[in-house]
2 protein chains.
Amino acid sequence: MRDFSSSHEALSLNTATVRKQWRLDRIIEECARRDIRAISPWRDQVAAVGIDRIAAQLRATGIKLSGYCRGGFYPAGDAAGLRAALDDNRRAIDEAKLLGAACLVLVVGSLPGALDGRPLYRDLARARAEVRDGIAASLEYARTAGMPLAIEPLHPMQAAERACINTLEQALDICDELDAARTGALGVAVDLYHVWWDPKLEAQIVRAGADRLLAYHVCDWLAPTRDLLNDRGMMGDGVIELKKCRRWMEDAGYSGYSEVEIFSDYWWSKPGEEVLETCIARHKSVV
Amino acid sequence: MRDFSSSHEALSLNTATVRKQWRLDRIIEECARRDIRAISPWRDQVAAVGIDRIAAQLRATGIKLSGYCRGGFYPAGDAAGLRAALDDNRRAIDEAKLLGAACLVLVVGSLPGALDGRPLYRDLARARAEVRDGIAASLEYARTAGMPLAIEPLHPMQAAERACINTLEQALDICDELDAARTGALGVAVDLYHVWWDPKLEAQIVRAGADRLLAYHVCDWLAPTRDLLNDRGMMGDGVIELKKCRRWMEDAGYSGYSEVEIFSDYWWSKPGEEVLETCIARHKSVV
């Protein structure tokens, strides 16, 4: 297993972690200042500054993209909605390509309308079929663009609104179906916050293998957790066995970035500088 | 599939649903008045009135116990704690027997101390091993007492504090290991709140079969859900496909009660009468 204790060269910052403190150009500046060598930005953060400016800033600083957030949200309830979702995913692939991202992360969506509290239907199997078909369609375009798609299984507590792919096993079943040849065009983003609890986690990481382990996200699960979305913990403050899980990833062949992604009202209330310094320190001591 | 529309004879009330409104003796009285023929009480509710008084009241009203809540919470951190947990589970089995319960429901526990925000360790595999050993020990006693044990997989969002058994598959693996002969002494409680999201739910219900489907709990998953513990929905107010899931259960041979269990600050704030009337109405219309 790689030694993270003396350097944070493997650390990537998911820029949602300090989204309430700074605009993306400032985030990149603060990362460069601290020798954080990779980030994973969100589309709205990029758009708020302008993608060409961000691309230029990345070139100037040498900062890489461990991933780009996000594609997905396929189930739409009707044909027009589905077409719009597929168009939007094509744009996300183009943006990821322009920014040189390692992969486009897919938060696949679930019951359409549920995010606004008004689900159009409750048929989870239908949502899952629409997600599968949506990924298949995006994959065709992504292959020609040369942009790998990383399916991110989301925690089951987000199954109604955000993603109806909720285990690594389920994500890998789709990879097997749509990319049986393991071309590298389709894989998974393993975010420990979403999958730490899974009794089959180790076995499914082994099953995924280096070909399909496209991204690795860390934070921590607080006990107790007070909010279903924005109460993620800083690494070391919760119960996730971070080193054990990283060993599973690396034993399976993963050698990419370890991306810190913390949605947290608590950490969003802190100065951005303190958040980044803490991420770096914890990355060395507990990740 | 059974027709629930004209009668609520299959309805059982998990008495936590109105625990904030009434003591258990009053709950039993109110159930009898409405022809609710079964309940599933919690140990603290029974103790608050006295188990002999409750047993007498159950005999007098003819109300049955679809289950008894709860045994479990095995991981303890040390040998003395484990012994205390096993003793406590024996007492729970004795109480369940005295009250004539159909099964003792096991909320198996997880990282010891996590419920108080101070986990003694983070090793989830260790907690799972301790749970397995604890169930094995309880099962020996439960067999002699003739009291079936029903493992309840809890939602992954409760994996740190309350139960490290989080899918039906995982629970059934333990059943296979500890009761390979399918004697009926060990099975599962399928609470839709905890398992509705699981892509393998139907397949695992089939795998369980009538021998191991010892209890069936209903409520609903609200979108959005605002609290990890006490924001369960009344049946029909959320996104769970209640009839589809009941069909899976009945196709697999389940013919027992459908137990309403709603932990909800909202419903706890309503008059108990209104809660029971709503449960009955929804049980007829959407369960």
# chains A, B, ... in the order shown; residues from 1 in each chain; ligands from 1

$ residues_around --residues "region 233-239 of chain A" --least-positions-apart "3" --cutoff "8 Å" --atoms "only C-alpha atoms" --output "list in words"
Val218, Cys219, Asp220, Trp221, Leu222, Ala223, Leu242, Ile262, Ser264, Cys279, Arg282, His283, Val286 and Val287 of chain A; Pro119, Arg122 and Ala160 of chain B

$ closest_atom_pairs --of "chain B" --to "chain A" --cutoff "10 Å" --atoms "only C-alpha atoms" --output "tab-separated table"
residue	atom	partner	partner_atom	distance
B:Leu111	CA	A:Val239	CA	8.7
B:Gly113	CA	A:Ala223	CA	9.6
B:Ala114	CA	A:Ala223	CA	6.0
B:Leu115	CA	A:Pro224	CA	7.1
B:Asp116	CA	A:Pro224	CA	8.0
B:Gly117	CA	A:Ala223	CA	5.4
B:Arg118	CA	A:Ala223	CA	7.9
B:Pro119	CA	A:Val239	CA	7.7
B:Tyr121	CA	A:Val239	CA	8.1
B:Arg122	CA	A:Val239	CA	5.3
B:Asp123	CA	A:Glu241	CA	7.0
B:Leu124	CA	A:Trp197	CA	8.0
B:Ala125	CA	A:Pro199	CA	8.2
B:Arg128	CA	A:Pro199	CA	9.0
B:His155	CA	A:Pro156	CA	7.8
B:Pro156	CA	A:Trp197	CA	6.3
B:Met157	CA	A:Met157	CA	6.4
B:Gln158	CA	A:Pro224	CA	9.1
B:Ala159	CA	A:Trp197	CA	6.2
B:Ala160	CA	A:Ala223	CA	6.6
B:Glu161	CA	A:Ala223	CA	7.0
B:Cys164	CA	A:Trp197	CA	7.7
B:Ile165	CA	A:Pro199	CA	8.2
B:Asn166	CA	A:Asp198	CA	7.7
B:Thr167	CA	A:Pro199	CA	8.6
B:Glu169	CA	A:Pro199	CA	9.8
B:Gln170	CA	A:Pro199	CA	7.4
B:His194	CA	A:Pro156	CA	9.3
B:Val195	CA	A:Pro156	CA	9.0
B:Trp196	CA	A:Pro156	CA	9.2
B:Trp197	CA	A:Ala159	CA	6.2
B:Asp198	CA	A:Asn166	CA	7.6
B:Pro199	CA	A:Gln170	CA	7.4
B:Lys200	CA	A:Gln170	CA	9.0
B:Trp221	CA	A:Ala160	CA	8.4
B:Leu222	CA	A:Gly117	CA	8.4
B:Ala223	CA	A:Gly117	CA	5.4
B:Pro224	CA	A:Gly117	CA	6.0
B:Thr225	CA	A:Leu228	CA	7.7
B:Arg226	CA	A:Asp227	CA	7.2
B:Asp227	CA	A:Asp227	CA	6.5
B:Leu228	CA	A:Leu228	CA	6.9
B:Leu229	CA	A:Arg226	CA	9.6
B:Gly238	CA	A:Arg122	CA	8.6
B:Val239	CA	A:Arg122	CA	5.3
B:Ile240	CA	A:Arg122	CA	6.9
B:Glu241	CA	A:Arg122	CA	6.5
B:Lys244	CA	A:Asp123	CA	9.5

$ closest_residue --among "B:Glu130, B:Glu29, B:Glu152, B:Asp231" --to "Asp265 (chain B)" --atoms "only C-alpha atoms"
B:Asp231

$ residues_around --residues "region 96-101 of chain B" --least-positions-apart "6" --cutoff "6 Å" --atoms "only C-alpha atoms" --output "PyMOL selection string"
chain B and resi 55+65+67-68

$ write_last_selection --atoms "N, CA and C atoms" --output "JSON list (two decimals), in the first residue's frame"
[["chain", "number", "residue", "atom", "x", "y", "z"],
["B", 55, "ALA", "N", -49.84, -9.73, 29.90],
["B", 55, "ALA", "CA", -50.21, -11.08, 29.48],
["B", 55, "ALA", "C", -51.70, -11.34, 29.73],
["B", 65, "LEU", "N", -49.50, -11.61, 19.41],
["B", 65, "LEU", "CA", -48.25, -10.89, 19.17],
["B", 65, "LEU", "C", -47.61, -11.38, 17.87],
["B", 67, "GLY", "N", -44.93, -10.30, 16.87],
["B", 67, "GLY", "CA", -43.50, -10.33, 17.20],
["B", 67, "GLY", "C", -43.30, -9.63, 18.52],
["B", 68, "TYR", "N", -42.07, -9.71, 19.01],
["B", 68, "TYR", "CA", -41.74, -9.04, 20.27],
["B", 68, "TYR", "C", -40.44, -8.29, 20.03]]

$ select_by_dssp --residues "region 42-275 of chain A" --states "strand (DSSP E or B)" --output "PDB file with C-alpha atoms, in the first residue's frame"
ATOM      1  CA  TRP A  42     -18.659  20.349 -10.268  1.00  0.00           C
ATOM      2  CA  LYS A  64      -5.180  17.568 -12.928  1.00  0.00           C
ATOM      3  CA  LEU A  65      -8.805  16.426 -12.722  1.00  0.00           C
ATOM      4  CA  TYR A  68     -15.608  15.645 -13.259  1.00  0.00           C
ATOM      5  CA  CYS A  69     -18.921  15.964 -11.398  1.00  0.00           C
ATOM      6  CA  ARG A  70     -21.270  14.975 -12.770  1.00  0.00           C
ATOM      7  CA  GLY A  71     -23.313  13.251 -15.460  1.00  0.00           C
ATOM      8  CA  GLY A  72     -26.313  11.044 -14.861  1.00  0.00           C
ATOM      9  CA  ALA A 101     -10.720  14.813 -16.589  1.00  0.00           C
ATOM     10  CA  LEU A 104     -16.984  11.670 -15.779  1.00  0.00           C
ATOM     11  CA  VAL A 105     -18.694  10.649 -12.547  1.00  0.00           C
ATOM     12  CA  LEU A 106     -22.298   9.499 -12.968  1.00  0.00           C
ATOM     13  CA  VAL A 107     -24.850  10.159 -10.256  1.00  0.00           C
ATOM     14  CA  GLY A 109     -30.721   9.603 -10.772  1.00  0.00           C
ATOM     15  CA  LEU A 149     -17.732   6.966 -17.342  1.00  0.00           C
ATOM     16  CA  ALA A 150     -17.607   6.161 -13.623  1.00  0.00           C
ATOM     17  CA  ILE A 151     -20.880   4.958 -12.110  1.00  0.00           C
ATOM     18  CA  ALA A 163     -29.405   7.388  -7.461  1.00  0.00           C
ATOM     19  CA  LEU A 186     -17.044   2.177 -18.101  1.00  0.00           C
ATOM     20  CA  GLY A 187     -16.273   1.652 -14.442  1.00  0.00           C
ATOM     21  CA  VAL A 188     -17.119   2.787 -10.956  1.00  0.00           C
ATOM     22  CA  ALA A 189     -16.376   5.587  -8.532  1.00  0.00           C
ATOM     23  CA  VAL A 190     -15.955   4.069  -5.088  1.00  0.00           C
ATOM     24  CA  ASP A 191     -17.027   6.704  -2.577  1.00  0.00           C
ATOM     25  CA  LEU A 213     -11.845   1.227 -10.381  1.00  0.00           C
ATOM     26  CA  LEU A 214     -11.887   4.685 -11.920  1.00  0.00           C
ATOM     27  CA  ALA A 215     -12.134   6.872  -8.836  1.00  0.00           C
ATOM     28  CA  TYR A 216     -11.858   6.654  -5.061  1.00  0.00           C
ATOM     29  CA  HIS A 217     -13.535   9.154  -2.723  1.00  0.00           C
ATOM     30  CA  VAL A 218     -12.932   9.530   0.993  1.00  0.00           C
ATOM     31  CA  ASP A 220     -15.993   9.803   7.041  1.00  0.00           C
ATOM     32  CA  ASP A 231     -23.319  15.858   7.584  1.00  0.00           C
ATOM     33  CA  GLY A 233     -17.295  13.840   8.442  1.00  0.00           C
ATOM     34  CA  SER A 258      -7.691   9.621  -3.248  1.00  0.00           C
ATOM     35  CA  GLU A 259     -10.329  12.300  -3.582  1.00  0.00           C
ATOM     36  CA  VAL A 260     -11.616  14.111  -0.518  1.00  0.00           C
ATOM     37  CA  SER A 264     -20.867  19.260   5.490  1.00  0.00           C
TER      38      SER A 264
END

$ residues_around --residues "region 140-143 of chain B" --least-positions-apart "5" --cutoff "10 Å" --atoms "only C-alpha atoms" --output "VMD selection string"
chain B and resid 86 89 to 90 92 to 94 97 103 to 104 135 148 to 149 178 183 to 186

$ write_last_selection --atoms "C-alpha atoms" --output "short mmCIF file (atom, residue, chain, number, x, y, z; two decimals), in the first residue's frame"
data_model
loop_
_atom_site.label_atom_id
_atom_site.label_comp_id
_atom_site.auth_asym_id
_atom_site.auth_seq_id
_atom_site.Cartn_x
_atom_site.Cartn_y
_atom_site.Cartn_z
CA LEU B 86 -26.53 -12.87 26.11
CA ASN B 89 -31.39 -11.94 25.16
CA ARG B 90 -32.37 -14.97 27.24
CA ALA B 92 -36.16 -11.36 26.05
CA ILE B 93 -36.80 -14.89 24.80
CA ASP B 94 -38.52 -15.79 28.09
CA LYS B 97 -42.58 -16.91 25.28
CA CYS B 103 -41.04 -14.49 17.12
CA LEU B 104 -38.44 -12.39 18.87
CA ILE B 135 -27.13 -15.11 17.45
CA PRO B 148 -38.23 -18.33 16.68
CA LEU B 149 -35.63 -15.59 16.24
CA LEU B 178 -26.76 -21.36 11.76
CA THR B 183 -36.12 -25.75 11.16
CA GLY B 184 -38.06 -22.51 11.52
CA ALA B 185 -36.05 -21.55 14.61
CA LEU B 186 -34.23 -18.75 12.76
#

$ select_by_dssp --residues "region 26-222 of chain A" --states "alpha helix (DSSP H)" --output "PyMOL selection string"
chain A and resi 26-33+43-49+51-61+79-98+124-145+168-178+192-195+201-212
